[in-house]
Amino acid sequence: MSNTIKKIAVFTSGGDSPGMNAAIRSVVRACAFHQIECVGIYRGYEGMIEGDFKAMNARSVKGIINKGGTILKSARSKAFRTTEGRKKAHDALVKEGVDAFVVIGGDGSFTGAMIFSQEYGMPVMGIPGTIDNDIYGTTHTLGYDTALNTVVDAIDKIRDTASSHNRLFFVEVMGRDVGHIALNVGVGAGAEEILIPEEDLGLERLLESLRRSKQSGKSSSIVVVAEGDKIGKNVFQLKDYVEENMTEYEVRVSVLGHMQRGGSPSCFDRVLASRMGVKAVESLLSGENNCMVGLKNDLMTLTPLDQAVKGKSKINMELLRVSDIMTV
Ligand code: F6P
């Protein structure tokens with residue numbers, strides 16, 4: 001392992017996700033294990049620019065593995081997109097004696113890290129943290145598994161009231177660019193239709209599908225809609241459209257929103273976070289730079305940050321077919 005890195009900074013950036021605290025804990029403890037100093041940065045790149053740092057040791061991260069959110073807070077920084085902002089951030093890191101950093105976040109946060117590393121030659125390592133699972137180079141991002149469980153649980157509850165009243169529910173879930181959450185919870189919660197950004201079902205086919213479902217004897221239905229869906233209408237417009245065209249249905253909308261980003265991380269996310277933190281620190285210490293740690297075939301891997309940012313995370317098309325078969 002390298003002896004040039006003596007102090008590593010860690011921070012969370014962009015939208016938070018369950019498991020971020022477990023990842024902070026892992027980075028801090030891996031540093032302690034290798035006798036490297038560790039400093040936490042509050043509020044992502046904003047805090048880096050302002051020098052909002054806190055020395056962390058193994059005990060500073062006790063009792064957080066099971067906590068949602070992030071003890072280091074998170075932010076999206078406009079200032080870090082500017083040359084002046086990054087210069088201030090670099091000055092603050094140098095003043096603090098930081099030799100390398102680990103950023104826990106999504107593609108926007110990785111783009112910032114990459115540019116910064118190119119400009120200042122500081123080694124950086126990314127840990128993918130977002131519930132959307134929209135990052136290339138890992139089968140799972142931190143928080144995705146927890147969010148799936150949270151959403152399935154919510155839809156199960158919506159199903160209870162939907163079936164009591166013979167209603168059709170449109171349930172909007174997060175997923176700005178990809179439909180991982182919608183597709184998986186759609187199958188997991190037995191939705192009648194799943195609308196995702198990767199596939200434009202079309203309004204006519206949606207109506208056909210709902211008619212078939214009604215004719216097959218179903219009295220209530222759940223349609224899961226990813227927020228980035230391309231059908232051309234938002235969930236409220238979809239409700240109006242279906243009510244106009246299928247007067248037999250009483251329709252309701254439920255937008256799950258930010259509750260999907262909260263809550264205690266699942267065991268899977270805690271284990272993943274622990275593995276990713278160790279991999280990030282040990283990769284930096286062995287001279288790796290500008291990469292993101294990821295999970296592939298149950299192994300920890302490294303993907304260059306530019307590929308992680310540019311690459312497309314693909315949904316599992318087999319799941320769409322499984323969903324069609326299940327809704328026969
Ligand atoms: O974390 C990603 C995400 O959950 C997206 O699905 C969603 O569009 C976005 O965050 C909303 O984030 P915010 O309200 O923090 O801007």
# chains A, B, ... in the order shown; residues from 1 in each chain; ligands from 1

$ residues_near_ligand --ligand "ligand 1" --cutoff "9 Å" --atoms "only C-alpha atoms and all ligand atoms" --output "ChimeraX atom specification"
/A:14-17,75-76,105-106,129-134,173-178,226-228,257-258,260-261

$ write_last_selection --atoms "N, CA and C atoms" --output "short mmCIF file (atom, residue, chain, number, x, y, z; two decimals), in the first residue's frame"
data_model
loop_
_atom_site.label_atom_id
_atom_site.label_comp_id
_atom_site.auth_asym_id
_atom_site.auth_seq_id
_atom_site.Cartn_x
_atom_site.Cartn_y
_atom_site.Cartn_z
N GLY A 14 -24.96 15.33 -3.87
CA GLY A 14 -26.16 15.06 -4.67
C GLY A 14 -27.28 14.52 -3.81
N GLY A 15 -28.26 13.87 -4.44
CA GLY A 15 -29.40 13.32 -3.70
C GLY A 15 -28.94 12.25 -2.73
N ASP A 16 -29.46 12.27 -1.50
CA ASP A 16 -29.02 11.27 -0.52
C ASP A 16 -29.64 9.91 -0.81
N SER A 17 -29.13 8.88 -0.16
CA SER A 17 -29.71 7.53 -0.32
C SER A 17 -29.35 6.70 0.90
N ALA A 75 -25.40 18.14 -0.65
CA ALA A 75 -25.81 19.36 -1.37
C ALA A 75 -25.44 19.19 -2.83
N ARG A 76 -26.09 20.00 -3.67
CA ARG A 76 -25.67 20.11 -5.07
C ARG A 76 -25.02 21.48 -5.19
N GLY A 105 -21.80 9.52 -4.18
CA GLY A 105 -22.86 10.26 -4.86
C GLY A 105 -23.19 9.67 -6.21
N GLY A 106 -23.75 10.50 -7.08
CA GLY A 106 -24.17 10.04 -8.41
C GLY A 106 -23.30 10.62 -9.51
N GLY A 129 -23.80 6.27 -4.93
CA GLY A 129 -24.89 6.36 -3.95
C GLY A 129 -26.07 7.09 -4.56
N THR A 130 -27.08 6.37 -4.95
CA THR A 130 -28.34 6.94 -5.44
C THR A 130 -29.38 5.83 -5.47
N ILE A 131 -30.64 6.19 -5.15
CA ILE A 131 -31.65 5.12 -5.16
C ILE A 131 -32.01 4.71 -6.59
N ASP A 132 -31.67 5.57 -7.57
CA ASP A 132 -32.14 5.31 -8.94
C ASP A 132 -31.44 4.14 -9.64
N ASN A 133 -30.29 3.74 -9.14
CA ASN A 133 -29.47 2.67 -9.75
C ASN A 133 -29.09 3.00 -11.19
N ASP A 134 -28.88 4.28 -11.48
CA ASP A 134 -28.67 4.69 -12.86
C ASP A 134 -27.20 4.93 -13.19
N VAL A 173 -43.25 6.57 -8.99
CA VAL A 173 -42.03 6.29 -8.21
C VAL A 173 -40.86 7.07 -8.81
N MET A 174 -39.75 7.18 -8.05
CA MET A 174 -38.60 7.92 -8.56
C MET A 174 -37.90 7.15 -9.68
N GLY A 175 -37.10 7.86 -10.41
CA GLY A 175 -36.39 7.28 -11.57
C GLY A 175 -36.48 8.29 -12.69
N ARG A 176 -35.59 9.30 -12.60
CA ARG A 176 -35.60 10.41 -13.54
C ARG A 176 -35.26 9.95 -14.95
N ASP A 177 -34.22 9.12 -15.06
CA ASP A 177 -33.75 8.72 -16.39
C ASP A 177 -33.91 7.24 -16.68
N VAL A 178 -33.99 6.43 -15.64
CA VAL A 178 -34.10 4.98 -15.86
C VAL A 178 -35.25 4.40 -15.03
N ALA A 226 -42.77 5.39 -13.64
CA ALA A 226 -41.48 6.03 -13.29
C ALA A 226 -41.60 7.52 -13.59
N GLU A 227 -41.02 8.36 -12.74
CA GLU A 227 -41.20 9.81 -12.94
C GLU A 227 -40.68 10.29 -14.30
N GLY A 228 -39.69 9.56 -14.86
CA GLY A 228 -39.13 9.97 -16.15
C GLY A 228 -39.80 9.29 -17.33
N GLY A 257 -42.80 10.10 -3.96
CA GLY A 257 -41.86 11.19 -3.66
C GLY A 257 -40.67 10.81 -2.81
N HIS A 258 -40.25 11.76 -1.97
CA HIS A 258 -38.97 11.62 -1.28
C HIS A 258 -38.95 10.60 -0.16
N GLN A 260 -39.15 7.73 -0.58
CA GLN A 260 -38.37 6.63 -1.17
C GLN A 260 -36.88 6.75 -0.87
N ARG A 261 -36.44 7.97 -0.53
CA ARG A 261 -35.01 8.17 -0.28
C ARG A 261 -34.63 8.00 1.18
#

$ residues_around --residues "Gly190 (chain A)" --least-positions-apart "6" --cutoff "9 Å" --atoms "only C-alpha atoms" --output "VMD selection string"
chain A and resid 222 323 326 to 327

$ write_last_selection --atoms "N, CA, C and O atoms" --output "PDB file, in the first residue's frame"
ATOM      1  N   ILE A 222     -53.181  -1.630 -10.236  1.00  0.00           N
ATOM      2  CA  ILE A 222     -52.089  -0.707  -9.903  1.00  0.00           C
ATOM      3  C   ILE A 222     -51.251  -0.520 -11.166  1.00  0.00           C
ATOM      4  O   ILE A 222     -50.833  -1.503 -11.795  1.00  0.00           O
ATOM      5  N   SER A 323     -43.363  -9.499 -16.342  1.00  0.00           N
ATOM      6  CA  SER A 323     -44.502  -8.717 -15.886  1.00  0.00           C
ATOM      7  C   SER A 323     -45.717  -8.971 -16.786  1.00  0.00           C
ATOM      8  O   SER A 323     -46.833  -9.166 -16.301  1.00  0.00           O
ATOM      9  N   MET A 326     -47.183 -12.295 -15.967  1.00  0.00           N
ATOM     10  CA  MET A 326     -47.832 -12.318 -14.648  1.00  0.00           C
ATOM     11  C   MET A 326     -49.203 -11.633 -14.654  1.00  0.00           C
ATOM     12  O   MET A 326     -50.027 -11.878 -13.787  1.00  0.00           O
ATOM     13  N   THR A 327     -49.410 -10.723 -15.641  1.00  0.00           N
ATOM     14  CA  THR A 327     -50.676  -9.972 -15.632  1.00  0.00           C
ATOM     15  C   THR A 327     -51.682 -10.568 -16.622  1.00  0.00           C
ATOM     16  O   THR A 327     -52.605  -9.893 -17.043  1.00  0.00           O
TER      17      THR A 327
END

$ closest_residue --among "A:Gln307, A:Ser220, A:Asn316, A:Thr12" --to "Ile158 (chain A)" --atoms "only C-alpha atoms"
A:Ser220

$ closest_residue --among "A:Gly277, A:Phe80, A:Arg211, A:Ser109" --to "Tyr249 (chain A)" --atoms "only C-alpha atoms"
A:Arg211

$ residues_around --residues "Gly121 (chain A)" --least-positions-apart "2" --cutoff "10 Å" --atoms "only C-alpha atoms" --output "list in words"
Asp99, Ala100, Met114, Ile115, Phe116, Ser117, Gln118, Glu119, Pro123, Val124, Asn289 and Asn290 of chain A

$ atom_distance --atom1 "CA of Glu288 (chain A)" --atom2 "CA of Ala9 (chain A)"
15.7 Å

$ closest_residue --among "A:Val223, A:Ile135, A:Val242, A:Met125" --to "Gly287 (chain A)" --atoms "only C-alpha atoms"
A:Met125

$ residues_around --residues "region 159-161 of chain A" --least-positions-apart "2" --cutoff "10 Å" --atoms "only C-alpha atoms" --output "list of chain:residue names"
A:Asp153, A:Ala154, A:Ile155, A:Asp156, A:Lys157, A:Ser163, A:Ser164, A:His165, A:Asn166, A:Arg167, A:Leu168, A:Phe169, A:Ala189, A:Gly190, A:Ala191, A:Ser220, A:Ser221, A:Ile222

$ select_by_dssp --residues "region 156-315 of chain A" --states "alpha helix (DSSP H)" --output "ChimeraX atom specification"
/A:156-164,180-188,203-215,235-245,267-285,305-310

$ residues_around --residues "Asn149 (chain A)" --least-positions-apart "2" --cutoff "12 Å" --atoms "only C-alpha atoms" --output "PyMOL selection string"
chain A and resi 18+131+143-147+151-156+181-182+184-186+188-189+259-269

$ atom_distance --atom1 "CA of Ala32 (chain A)" --atom2 "CA of Thr139 (chain A)"
28.5 Å

$ decode --residues "region 124-139 of chain A" --atoms "all heavy atoms" --output "tab-separated table (two decimals), in the first residue's frame"
chain	number	residue	atom	x	y	z
A	124	VAL	N	-8.80	10.62	-6.65
A	124	VAL	CA	-10.19	10.59	-6.20
A	124	VAL	C	-10.78	9.20	-6.45
A	124	VAL	O	-10.36	8.49	-7.36
A	124	VAL	CB	-11.06	11.65	-6.94
A	124	VAL	CG1	-10.56	13.05	-6.66
A	124	VAL	CG2	-11.12	11.39	-8.43
A	125	MET	N	-11.76	8.85	-5.66
A	125	MET	CA	-12.43	7.55	-5.81
A	125	MET	C	-13.92	7.78	-5.57
A	125	MET	O	-14.29	8.52	-4.65
A	125	MET	CB	-11.84	6.62	-4.74
A	125	MET	CG	-11.88	5.14	-4.96
A	125	MET	SD	-11.41	4.46	-6.56
A	125	MET	CE	-9.66	4.75	-6.66
A	126	GLY	N	-14.77	7.18	-6.39
A	126	GLY	CA	-16.21	7.36	-6.24
A	126	GLY	C	-16.90	6.13	-5.69
A	126	GLY	O	-16.50	4.99	-5.98
A	127	ILE	N	-17.92	6.36	-4.87
A	127	ILE	CA	-18.80	5.28	-4.40
A	127	ILE	C	-20.20	5.65	-4.90
A	127	ILE	O	-20.70	6.74	-4.59
A	127	ILE	CB	-18.80	5.18	-2.85
A	127	ILE	CG1	-17.43	4.70	-2.37
A	127	ILE	CG2	-19.90	4.24	-2.37
A	127	ILE	CD1	-17.32	4.51	-0.85
A	128	PRO	N	-20.83	4.79	-5.71
A	128	PRO	CA	-22.13	5.14	-6.28
A	128	PRO	C	-23.25	5.11	-5.25
A	128	PRO	O	-23.60	4.06	-4.73
A	128	PRO	CB	-22.35	4.08	-7.36
A	128	PRO	CG	-21.55	2.90	-6.91
A	128	PRO	CD	-20.39	3.44	-6.12
A	129	GLY	N	-23.80	6.27	-4.93
A	129	GLY	CA	-24.89	6.36	-3.95
A	129	GLY	C	-26.07	7.09	-4.56
A	129	GLY	O	-26.03	8.30	-4.73
A	130	THR	N	-27.08	6.37	-4.95
A	130	THR	CA	-28.34	6.94	-5.44
A	130	THR	C	-29.38	5.83	-5.47
A	130	THR	O	-29.05	4.69	-5.79
A	130	THR	CB	-28.21	7.55	-6.86
A	130	THR	OG1	-29.53	7.72	-7.41
A	130	THR	CG2	-27.41	6.69	-7.81
A	131	ILE	N	-30.64	6.19	-5.15
A	131	ILE	CA	-31.65	5.12	-5.16
A	131	ILE	C	-32.01	4.71	-6.59
A	131	ILE	O	-32.60	3.66	-6.79
A	131	ILE	CB	-32.94	5.53	-4.40
A	131	ILE	CG1	-33.62	6.72	-5.07
A	131	ILE	CG2	-32.65	5.80	-2.94
A	131	ILE	CD1	-35.08	6.88	-4.62
A	132	ASP	N	-31.67	5.57	-7.57
A	132	ASP	CA	-32.14	5.31	-8.94
A	132	ASP	C	-31.44	4.14	-9.64
A	132	ASP	O	-31.92	3.65	-10.65
A	132	ASP	CB	-31.96	6.57	-9.81
A	132	ASP	CG	-32.94	7.66	-9.42
A	132	ASP	OD1	-33.82	7.41	-8.59
A	132	ASP	OD2	-32.80	8.79	-9.94
A	133	ASN	N	-30.29	3.74	-9.14
A	133	ASN	CA	-29.47	2.67	-9.75
A	133	ASN	C	-29.09	3.00	-11.19
A	133	ASN	O	-28.99	2.10	-12.03
A	133	ASN	CB	-30.22	1.32	-9.70
A	133	ASN	CG	-29.27	0.15	-9.75
A	133	ASN	OD1	-28.16	0.21	-9.23
A	133	ASN	ND2	-29.66	-0.93	-10.41
A	134	ASP	N	-28.88	4.28	-11.48
A	134	ASP	CA	-28.67	4.69	-12.86
A	134	ASP	C	-27.20	4.93	-13.19
A	134	ASP	O	-26.87	5.80	-13.98
A	134	ASP	CB	-29.50	5.96	-13.16
A	134	ASP	CG	-29.17	7.11	-12.23
A	134	ASP	OD1	-28.41	6.91	-11.26
A	134	ASP	OD2	-29.66	8.22	-12.47
A	135	ILE	N	-26.30	4.17	-12.55
A	135	ILE	CA	-24.88	4.39	-12.81
A	135	ILE	C	-24.26	3.17	-13.46
A	135	ILE	O	-24.43	2.03	-12.98
A	135	ILE	CB	-24.16	4.74	-11.49
A	135	ILE	CG1	-24.88	5.93	-10.88
A	135	ILE	CG2	-22.68	5.01	-11.74
A	135	ILE	CD1	-24.10	6.88	-10.12
A	136	TYR	N	-23.55	3.41	-14.52
A	136	TYR	CA	-22.86	2.34	-15.24
A	136	TYR	C	-21.65	1.86	-14.42
A	136	TYR	O	-20.96	2.66	-13.81
A	136	TYR	CB	-22.39	2.90	-16.59
A	136	TYR	CG	-21.59	1.94	-17.41
A	136	TYR	CD1	-22.22	0.98	-18.20
A	136	TYR	CD2	-20.20	1.97	-17.39
A	136	TYR	CE1	-21.49	0.07	-18.94
A	136	TYR	CE2	-19.46	1.07	-18.14
A	136	TYR	CZ	-20.11	0.12	-18.90
A	136	TYR	OH	-19.38	-0.77	-19.63
A	137	GLY	N	-21.44	0.54	-14.43
A	137	GLY	CA	-20.24	0.02	-13.74
A	137	GLY	C	-20.55	-0.66	-12.43
A	137	GLY	O	-19.64	-1.08	-11.72
A	138	THR	N	-21.83	-0.77	-12.09
A	138	THR	CA	-22.22	-1.50	-10.88
A	138	THR	C	-23.64	-2.03	-11.08
A	138	THR	O	-24.47	-1.34	-11.69
A	138	THR	CB	-22.14	-0.61	-9.61
A	138	THR	OG1	-22.39	-1.42	-8.46
A	138	THR	CG2	-23.11	0.57	-9.63
A	139	THR	N	-23.89	-3.22	-10.60
A	139	THR	CA	-25.26	-3.73	-10.73
A	139	THR	C	-26.17	-3.08	-9.69
A	139	THR	O	-27.38	-3.04	-9.88
A	139	THR	CB	-25.32	-5.27	-10.55
A	139	THR	OG1	-24.71	-5.59	-9.29
A	139	THR	CG2	-24.62	-5.99	-11.68
